[in-house]
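Colleague: First the structure, then my questions, so here it is.
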Amino acid sequence: MSERSRTPRRWHPVRVPIYAACALVALAGAAYIILSSAWFRHRLEERMVRGLEDVTGGRVELSGFAFRPLILQVRIRELIVHGKEAAGGPPLFAAERVEVEISPATLIRRRIVLRRLQWRSAEIHLTTDPAGLTNLPTPQAPIQGSVALNELVELSIHDLVFAHTDLFWNNRKTLFDAAAKDAGLNLRLSSGPRYLGNFACSALSVQAPHWALPPSTLTGQFELARTSAKITSLVWRSTGLSGQGSLDASLLPDIQATATFRVNGDAMELAKYFRFTGVESGEITLEGQAQYQPDRWTSSGRVRARRLVPKDLPVNPGRMDFSAEYFADAQRAKVSNLNLSTLGGRIIGDAEARLGAGKADFRVRTRMEGLDLPATLGAFRGFRPWRRFSRFGAQISGTSETTWSGNFERLQSIFNLQLRPNASAAPGLIPASGFTRGTATFNRSLGLEITAATIETPQSRIEMHGKLNDAAARLAVEVSTADSGLVQGPREVAGCAGGWRRENVSFPERAGTPSAENC
């Protein structure tokens with residue numbers, strides 16, 4: 001035998017990775033051919049339909065199914081899940097289009113990992129008949145033992161989008177859009193049967209016609225059964241806000257639900273939820289409970305705010321603190337035990353809103369204690385005629401009743417106020433006491449009608465009645481004074497030099513000088 005034939009054959013070090021790469025390419029090509037085949041697409045469609053029916057307990061229909069193996073994407077056209085609806089009734093769930101992108105991690109893990117789940121133009125119909133029976137189906141997954149828990153779903157979703165979704169409860173429609181990131185769901189089946197599980201997601205946003213939830217992080221635990229539904233723990237956080245709550249709902253014989261909640265954080269962010277722009281800054285705490293019964297819902301609780309600054313209101317009181325209790329249902333909202341610290345004093349009272357089909361009607365009754373007169377007049381920034389009286393140092397006490405409609409339309413406030421000298425007034429202000437009764441109105445512009453008013457200072461006495469507003473002022477003022485500068489406005493007041501005198505002055509001032517009597 002030759003020496004060459006006895007020498008063992010050596011593998012070149014470059015050939016191993018080349019052969020491995022060729023093997024992987026061949027396997028990938030074979031996998032692509034299998035995944036692209038009609039046979040695999042049909043098997044995948046059957047498996048998805050069977051899995052949905054096992055988890056939901058309903059009958060599943062779809063009119064179109066497509067699979068793109070390169071990106072592991074499933075597209076479903078007209079997905080329908082039937083519950084226990086009556087013949088000819090709308091299905092439990094129907095979506096015009098559903099897209100699912102599966103993560104490759106699903107192929108090697110037990111849990112389901114989705115890169116994206118999206119549906120568009122969907123309808124969800126939940127019903128309860130007079131006997132208390134719902135259209136929710138019973139899951140078909142078997143129960144192993146009387147107390148054993150069967151793992152139904154362990155699901156992770158990176159992108160979750162529910163666009164143009166209509167929710168119907170006994171044919172009452174609610175439109176909303178929802179989107180989320182990194183959504184997770186763990187669902188188990190217990191005896192009863194009952195669903196037990198927990199969920200979590202980040203960047204959850206929900207939009208409805210009259211409110212919107214900004215991107216939030218949400219976690220919770222829940223329990224679902226044929227006759228009840230519970231969210232035992234719900235915690236969420238968003239920019240500037242955090243909250244927690246729970247929900248306990250009974251589905252039979254009639255739907256009834258009780259929820260508790262607590263919200264803390266930035267008042268301006270909370271106002272954005274309800275698309276209200278009248279808050280500039282502040283901190284707020286809202287806690288309470290809500291109850292739902294057939295054809296009726298109520299909510300009650302307590303609200304507290306610190307360093308709250310409103311904006312774009314007819315009256316701007318600046319920074320304030322307040323607390324109040326509230327009650328609301330579909331017809332009215334009521335605030336009681338209102339305690340508001342503002343303008344150097346406080347306001348105590350209650351408020352009520354009638355929520356009919358048209359614009360809401362509001363009524364506020366208050367008692368004022370120790371409000372600073374110059375600060376209160378300064379709250380009416382656009383009301384120039386009142387600036388004449390800001391030189392008096394006094395505190396305001398008294399009562400008022402204010403009513404308006406809609407967005408401060410047809411506002412009217414009837415007041416009965418007393419003035420007393422303010423010991424802590426700024427230097428240079430004239431100590432004053434007295435009273436004023438009248439009516440304030442707001443209809444595109446602010447107006448004031450004084451029925452009777454008296455202001456007394458150490459050297460003067462002013463009595464007045466009439467009307468003040470930005471368009472035209474007709475205020476009759478009778479002054480008894482030893483201080484000729486007291487009634488000076490844009491023009492000098494003529495009269496006797498020194499000593500007490502009595503004048504009748506009308507606004508707006510006209511050319512000339514007022515007459516002086518009893519010099």
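Following the order of the structure tokens, first chain is A, next is B, and so on, with residues numbered from 1 inside each chain and ligands from 1 in the order they appear.
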Output as number ranges by chain all residues of range 260-491 of chain A that backbone DSSP marks as strand (DSSP E).
Modeller: A: 260-266, 279-293, 296-310, 320-329, 332-342, 345-354, 361-372, 392-405, 409-421, 430-431, 433-442, 446-457, 460-469, 474-481
Colleague: Extract, using only C-alpha atoms, all DNA, RNA and protein residues at most 10 Å from range 331-344 of chain A, discarding same-chain residues fewer than 2 positions from it, and format them as an MDAnalysis selection string.
Modeller: chainID A and resid 296:308 317:329 346:357 360:379 395:396
Colleague: When DSSP is applied to the backbone of this structure, which of range 234-453 of chain A are assigned alpha helix (DSSP H)? Write them out as a PyMOL selection string.
Modeller: chain A and resi 267-273+373-379
Colleague: Since we have the selection now, will you write its residues out, keeping N, CA, C and O atoms, as a PDB file, in the first residue's frame?
Modeller:
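again_22.pdb was written with the following content:
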ATOM      1  N   ALA A 267     -53.116  68.582  38.838  1.00  0.00           N
ATOM      2  CA  ALA A 267     -54.497  68.940  38.509  1.00  0.00           C
ATOM      3  C   ALA A 267     -54.667  69.227  37.021  1.00  0.00           C
ATOM      4  O   ALA A 267     -55.699  68.909  36.437  1.00  0.00           O
ATOM      5  N   MET A 268     -53.665  69.830  36.391  1.00  0.00           N
ATOM      6  CA  MET A 268     -53.780  70.137  34.968  1.00  0.00           C
ATOM      7  C   MET A 268     -53.831  68.860  34.139  1.00  0.00           C
ATOM      8  O   MET A 268     -54.586  68.777  33.164  1.00  0.00           O
ATOM      9  N   GLU A 269     -53.061  67.847  34.519  1.00  0.00           N
ATOM     10  CA  GLU A 269     -53.105  66.583  33.793  1.00  0.00           C
ATOM     11  C   GLU A 269     -54.465  65.909  33.958  1.00  0.00           C
ATOM     12  O   GLU A 269     -55.010  65.354  33.001  1.00  0.00           O
ATOM     13  N   LEU A 270     -55.032  65.966  35.163  1.00  0.00           N
ATOM     14  CA  LEU A 270     -56.357  65.380  35.370  1.00  0.00           C
ATOM     15  C   LEU A 270     -57.410  66.121  34.567  1.00  0.00           C
ATOM     16  O   LEU A 270     -58.329  65.505  34.011  1.00  0.00           O
ATOM     17  N   ALA A 271     -57.302  67.443  34.468  1.00  0.00           N
ATOM     18  CA  ALA A 271     -58.264  68.223  33.681  1.00  0.00           C
ATOM     19  C   ALA A 271     -58.209  67.847  32.205  1.00  0.00           C
ATOM     20  O   ALA A 271     -59.222  67.858  31.509  1.00  0.00           O
ATOM     21  N   LYS A 272     -57.022  67.459  31.719  1.00  0.00           N
ATOM     22  CA  LYS A 272     -56.907  67.051  30.317  1.00  0.00           C
ATOM     23  C   LYS A 272     -57.717  65.790  30.034  1.00  0.00           C
ATOM     24  O   LYS A 272     -58.178  65.594  28.914  1.00  0.00           O
ATOM     25  N   TYR A 273     -57.864  64.905  31.038  1.00  0.00           N
ATOM     26  CA  TYR A 273     -58.633  63.688  30.834  1.00  0.00           C
ATOM     27  C   TYR A 273     -60.041  64.007  30.347  1.00  0.00           C
ATOM     28  O   TYR A 273     -60.602  63.300  29.514  1.00  0.00           O
ATOM     29  N   LEU A 373     -60.449  92.839  50.286  1.00  0.00           N
ATOM     30  CA  LEU A 373     -61.175  93.628  49.288  1.00  0.00           C
ATOM     31  C   LEU A 373     -60.319  93.969  48.069  1.00  0.00           C
ATOM     32  O   LEU A 373     -60.752  93.724  46.931  1.00  0.00           O
ATOM     33  N   PRO A 374     -59.105  94.527  48.203  1.00  0.00           N
ATOM     34  CA  PRO A 374     -58.314  94.817  46.997  1.00  0.00           C
ATOM     35  C   PRO A 374     -58.019  93.559  46.176  1.00  0.00           C
ATOM     36  O   PRO A 374     -58.066  93.595  44.941  1.00  0.00           O
ATOM     37  N   ALA A 375     -57.725  92.421  46.842  1.00  0.00           N
ATOM     38  CA  ALA A 375     -57.448  91.185  46.094  1.00  0.00           C
ATOM     39  C   ALA A 375     -58.687  90.692  45.376  1.00  0.00           C
ATOM     40  O   ALA A 375     -58.610  90.191  44.250  1.00  0.00           O
ATOM     41  N   THR A 376     -59.851  90.825  46.011  1.00  0.00           N
ATOM     42  CA  THR A 376     -61.097  90.379  45.374  1.00  0.00           C
ATOM     43  C   THR A 376     -61.415  91.232  44.159  1.00  0.00           C
ATOM     44  O   THR A 376     -61.793  90.716  43.101  1.00  0.00           O
ATOM     45  N   LEU A 377     -61.271  92.559  44.279  1.00  0.00           N
ATOM     46  CA  LEU A 377     -61.510  93.422  43.123  1.00  0.00           C
ATOM     47  C   LEU A 377     -60.501  93.141  42.020  1.00  0.00           C
ATOM     48  O   LEU A 377     -60.829  93.202  40.831  1.00  0.00           O
ATOM     49  N   GLY A 378     -59.258  92.802  42.397  1.00  0.00           N
ATOM     50  CA  GLY A 378     -58.248  92.490  41.390  1.00  0.00           C
ATOM     51  C   GLY A 378     -58.511  91.202  40.652  1.00  0.00           C
ATOM     52  O   GLY A 378     -57.964  90.975  39.571  1.00  0.00           O
ATOM     53  N   ALA A 379     -59.362  90.312  41.223  1.00  0.00           N
ATOM     54  CA  ALA A 379     -59.689  89.072  40.527  1.00  0.00           C
ATOM     55  C   ALA A 379     -60.501  89.332  39.272  1.00  0.00           C
ATOM     56  O   ALA A 379     -60.502  88.524  38.349  1.00  0.00           O
TER      57      ALA A 379
END
Colleague: Could you please determine the separation between CA of Leu251 in chain A and CA of His164 in chain A in Å, to one decimal place?
Modeller: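 For CA of Leu251 in chain A relative to CA of His164 in chain A, the distance reads 26.6 Å.
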Colleague: Just give me the gap between CA of Thr219 in chain A and CA of Ala179 in chain A in Å, one decimal is fine.
Modeller: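 So the two atoms, CA of Thr219 in chain A and CA of Ala179 in chain A, lie 15.0 Å apart.
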Colleague: CA of Ile80 in chain A and CA of Glu99 in chain A are how many Å apart?
Modeller: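 Taking CA of Ile80 in chain A and CA of Glu99 in chain A, their separation equals 14.0 Å.
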Colleague: Within 12 Å of range 257-260 of chain A, counting only C-alpha atoms, which residues qualify if same-chain residues fewer than 5 places away don't, as an MDAnalysis selection string?
Modeller: chainID A and resid 227:235 243:252 286:294 296:301
Colleague: Which residue, A:Asp266, A:Glu78, A:Asp159, A:Glu101, has the smallest gap to Arg120 in chain A when you use only C-alpha atoms?
Modeller: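 Between A:Asp266, A:Glu78, A:Asp159, A:Glu101, the residue approaching Arg120 in chain A most closely is A:Glu78.
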